[in-house]
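Encoded as structure tokens, the structure appears first; notes follow it.
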Amino acid sequence: MRTFLIRSMLVVLLPLGLVGATSLADEKLPTDPALVMSTLPNGLTYIIRPHRNPEGRVSIWLHVASGSLNETDSTRGLAHYLEHMAFNGSANFAPGSVVPFFQSLGLAFGRDQNAFTSFDQTTYQLTLPGGGRDVVEKGLLFMSDVAMRMSLGATEIDGERQIILDARTFRTTTHGGTCPAT
């Protein structure tokens with residue numbers, strides 16, 4: 001009897017779900033009217049939203065629509081590795097200067113300056129003090145360097161290697177080997 005009810009429910013629910021899915025797929029999701037969105041000629045899409053919490057801070061996020069799903073077996077872990085390398089030097093920030101520079105502005109690495117990689121994205125975050133033009137320009141310059149001008153020096157690559165290997169070991173031993181590299 002229970003199996004019959006479950007099958008009957010599935011037969012009734014599946015057609016309803018298919019009808020709803022096709023009409024919902026055509027609907028646009030509502031957006032926050034406070035968002036200012038546009039795309040630059042180079043393809044960069046930006047979204048600006050005024051926010052007053054925390055007061056007197058500007059957050060800049062760079063979202064890269066690529067993560068570990070875009071890796072092959074031979075490139076496994078590369079997205080996470082590049083995420084780490086973003087803080088190890090670029091065209092406008094010498095190796096070893098990125099974190100100290102932002103700390104000189106009052107940022108704490110990990111809280112105000114961070115990044116993460118998941119299956120479908122890599123995101124870099126800065127939360128800057130104040131809204132002064134010079135500070136915001138430095139933040140945007142850093143994000144631009146992350147997007148296009150990481151230095152990827154041999155010394156910095158070798159220096160980051162053990163950190164990535166330690167993180168991988170932690171994930172695989174903590175999660176029984178089931179957590180993919182991110």
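Residue numbering restarts at 1 for every chain of the structure tokens, chains are lettered A, B, ... in their displayed order, and ligands are numbered from 1 as they appear.
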Name all residues at most 10 Å from stretch 110-115 of chain A (count only C-alpha atoms; drop same-chain ones fewer than 2 positions away) and give them as a CSV table (one decimal) with N, CA and C atoms, in the first residue's frame.
chain,number,residue,atom,x,y,z
A,59,SER,N,32.9,47.2,0.0
A,59,SER,CA,33.3,45.9,-0.3
A,59,SER,C,33.4,45.7,-1.8
A,60,ILE,N,34.5,45.1,-2.2
A,60,ILE,CA,34.7,44.8,-3.6
A,60,ILE,C,34.8,43.3,-3.8
A,61,TRP,N,34.0,42.7,-4.6
A,61,TRP,CA,34.1,41.3,-4.9
A,61,TRP,C,34.4,41.0,-6.3
A,62,LEU,N,35.3,40.1,-6.6
A,62,LEU,CA,35.6,39.7,-8.0
A,62,LEU,C,35.1,38.3,-8.1
A,63,HIS,N,34.1,38.0,-8.9
A,63,HIS,CA,33.6,36.7,-9.1
A,63,HIS,C,34.1,36.1,-10.4
A,80,HIS,N,42.2,26.4,-6.9
A,80,HIS,CA,42.5,26.8,-5.5
A,80,HIS,C,43.9,27.3,-5.4
A,83,GLU,N,43.9,30.8,-6.6
A,83,GLU,CA,43.3,31.7,-5.6
A,83,GLU,C,44.3,32.1,-4.6
A,84,HIS,N,45.2,31.2,-4.1
A,84,HIS,CA,46.2,31.5,-3.2
A,84,HIS,C,47.3,32.4,-3.8
A,86,ALA,N,47.0,34.7,-5.9
A,86,ALA,CA,46.5,36.1,-6.1
A,86,ALA,C,47.1,37.0,-5.1
A,87,PHE,N,47.4,36.5,-3.9
A,87,PHE,CA,47.9,37.3,-2.8
A,87,PHE,C,49.4,37.3,-2.7
A,98,VAL,N,51.2,42.5,-1.0
A,98,VAL,CA,49.8,42.6,-1.0
A,98,VAL,C,49.2,42.6,0.4
A,99,VAL,N,49.4,41.6,1.1
A,99,VAL,CA,48.8,41.5,2.5
A,99,VAL,C,49.3,42.7,3.4
A,102,PHE,N,47.5,46.1,2.4
A,102,PHE,CA,46.1,46.2,2.8
A,102,PHE,C,46.0,46.2,4.4
A,103,GLN,N,46.9,45.6,5.1
A,103,GLN,CA,47.0,45.7,6.5
A,103,GLN,C,47.3,47.1,6.9
A,106,GLY,N,44.3,49.0,7.5
A,106,GLY,CA,43.5,48.6,8.5
A,106,GLY,C,42.7,47.3,8.3
A,107,LEU,N,43.0,46.6,7.1
A,107,LEU,CA,42.4,45.4,6.8
A,107,LEU,C,43.0,44.2,7.6
A,108,ALA,N,42.2,43.2,7.9
A,108,ALA,CA,42.8,42.0,8.5
A,108,ALA,C,42.6,40.9,7.5
A,117,THR,N,37.3,29.2,-3.3
A,117,THR,CA,37.0,28.5,-4.5
A,117,THR,C,36.0,27.4,-4.2
A,122,THR,N,35.3,31.0,-8.3
A,122,THR,CA,36.4,31.5,-7.5
A,122,THR,C,36.1,33.0,-7.2
A,123,THR,N,36.0,33.4,-5.9
A,123,THR,CA,35.6,34.7,-5.6
A,123,THR,C,36.7,35.3,-4.7
A,124,TYR,N,37.1,36.6,-5.0
A,124,TYR,CA,38.0,37.3,-4.2
A,124,TYR,C,37.3,38.5,-3.6
A,125,GLN,N,37.6,38.8,-2.3
A,125,GLN,CA,36.8,39.8,-1.6
A,125,GLN,C,37.8,40.8,-0.9
A,126,LEU,N,37.4,42.0,-0.9
A,126,LEU,CA,38.1,43.1,-0.1
A,126,LEU,C,37.0,43.9,0.6
A,127,THR,N,37.2,44.2,1.8
A,127,THR,CA,36.3,45.1,2.5
A,127,THR,C,37.2,46.2,3.0
A,128,LEU,N,37.0,47.4,2.3
A,128,LEU,CA,37.9,48.5,2.5
A,128,LEU,C,37.4,49.5,3.5
A,129,PRO,N,38.3,50.1,4.3
A,129,PRO,CA,37.8,51.2,5.2
A,129,PRO,C,37.5,52.4,4.5
Non-local contacts of A:Gly131 (9 Å; only C-alpha atoms; under 6 positions in same chain excluded) as a JSON list (two decimals) with N, CA and C atoms, in the first residue's frame:
[["chain", "number", "residue", "atom", "x", "y", "z"],
["A", 56, "GLY", "N", 30.61, 52.97, 6.76],
["A", 56, "GLY", "CA", 31.91, 53.49, 6.37],
["A", 56, "GLY", "C", 32.85, 52.49, 5.72],
["A", 57, "ARG", "N", 32.32, 51.45, 5.10],
["A", 57, "ARG", "CA", 33.16, 50.43, 4.46],
["A", 57, "ARG", "C", 32.69, 50.24, 3.02],
["A", 58, "VAL", "N", 33.61, 49.83, 2.17],
["A", 58, "VAL", "CA", 33.31, 49.51, 0.78],
["A", 58, "VAL", "C", 33.79, 48.09, 0.53]]
Please report, as CSV, each residue of stretch 8-125 of chain A lying at most 10 Å from stretch 157-168 of chain A, together with the nearest pair of atoms and the separation in Å rounded to one decimal; use only C-alpha atoms, and order rows by chain and ascending residue number.
residue,atom,partner,partner_atom,distance
A:Gly77,CA,A:Ile164,CA,8.4
A:Leu78,CA,A:Ile164,CA,9.8
A:His80,CA,A:Ile164,CA,8.0
A:Tyr81,CA,A:Ile164,CA,6.7
A:Leu82,CA,A:Ile157,CA,9.4
A:His84,CA,A:Glu160,CA,7.4
A:Met85,CA,A:Ile157,CA,7.2
A:Asn88,CA,A:Ile157,CA,8.5
Run DSSP on the backbone and give me the residues of stretch 118-172 of chain A it puts in alpha helix (DSSP H), as a PyMOL selection string. chain A and resi 133-148+154-172
So which bits of stretch 25-160 of chain A end up strand (DSSP E) when you DSSP the backbone, as a count of residues only? 29
A:Phe142 environment, 10 Å, only C-alpha atoms, sequence neighbours closer than 2 positions dropped, as a list in words: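 In the requested form, the answer reads Ala86, Phe87, Gly89, Ser90, Ala91, Asn92, Phe93, Val98, Leu126, Val136, Glu137, Lys138, Gly139, Leu140, Ser144, Asp145, Val146, Ala147, Met148, Arg149 and Met150 of chain A.
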Any idea what the distance is between atom CA of A:Ser68 and atom CA of A:Gly43?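 A separation of 22.5 Å between them.
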What's around stretch 27-39 of chain A at 10 Å? Count only C-alpha atoms, leave out sequence neighbours fewer than 6 positions away in its own chain, and write the answer as a PDB file with N, CA and C atoms, in the first residue's frame.
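Saved result, result28.pdb, follows:
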ATOM      1  N   ALA A  21       8.145  23.730 -14.292  1.00  0.00           N
ATOM      2  CA  ALA A  21       9.548  24.030 -14.592  1.00  0.00           C
ATOM      3  C   ALA A  21       9.689  24.765 -15.916  1.00  0.00           C
ATOM      4  N   THR A  45      31.113  42.325 -16.139  1.00  0.00           N
ATOM      5  CA  THR A  45      29.817  42.744 -15.604  1.00  0.00           C
ATOM      6  C   THR A  45      30.045  43.244 -14.186  1.00  0.00           C
ATOM      7  N   TYR A  46      29.480  44.391 -13.871  1.00  0.00           N
ATOM      8  CA  TYR A  46      29.616  44.896 -12.513  1.00  0.00           C
ATOM      9  C   TYR A  46      28.243  45.151 -11.913  1.00  0.00           C
ATOM     10  N   ILE A  47      28.208  45.038 -10.604  1.00  0.00           N
ATOM     11  CA  ILE A  47      26.996  45.291  -9.832  1.00  0.00           C
ATOM     12  C   ILE A  47      27.400  46.184  -8.665  1.00  0.00           C
ATOM     13  N   ILE A  48      26.710  47.275  -8.498  1.00  0.00           N
ATOM     14  CA  ILE A  48      26.966  48.185  -7.382  1.00  0.00           C
ATOM     15  C   ILE A  48      25.690  48.284  -6.565  1.00  0.00           C
ATOM     16  N   ARG A  49      25.842  48.165  -5.255  1.00  0.00           N
ATOM     17  CA  ARG A  49      24.690  48.295  -4.367  1.00  0.00           C
ATOM     18  C   ARG A  49      25.104  49.066  -3.125  1.00  0.00           C
ATOM     19  N   PRO A  50      24.456  50.190  -2.893  1.00  0.00           N
ATOM     20  CA  PRO A  50      24.730  50.914  -1.643  1.00  0.00           C
ATOM     21  C   PRO A  50      24.358  50.047  -0.445  1.00  0.00           C
ATOM     22  N   HIS A  51      25.220  50.064   0.553  1.00  0.00           N
ATOM     23  CA  HIS A  51      24.973  49.257   1.742  1.00  0.00           C
ATOM     24  C   HIS A  51      25.563  49.990   2.937  1.00  0.00           C
TER      25      HIS A  51
END
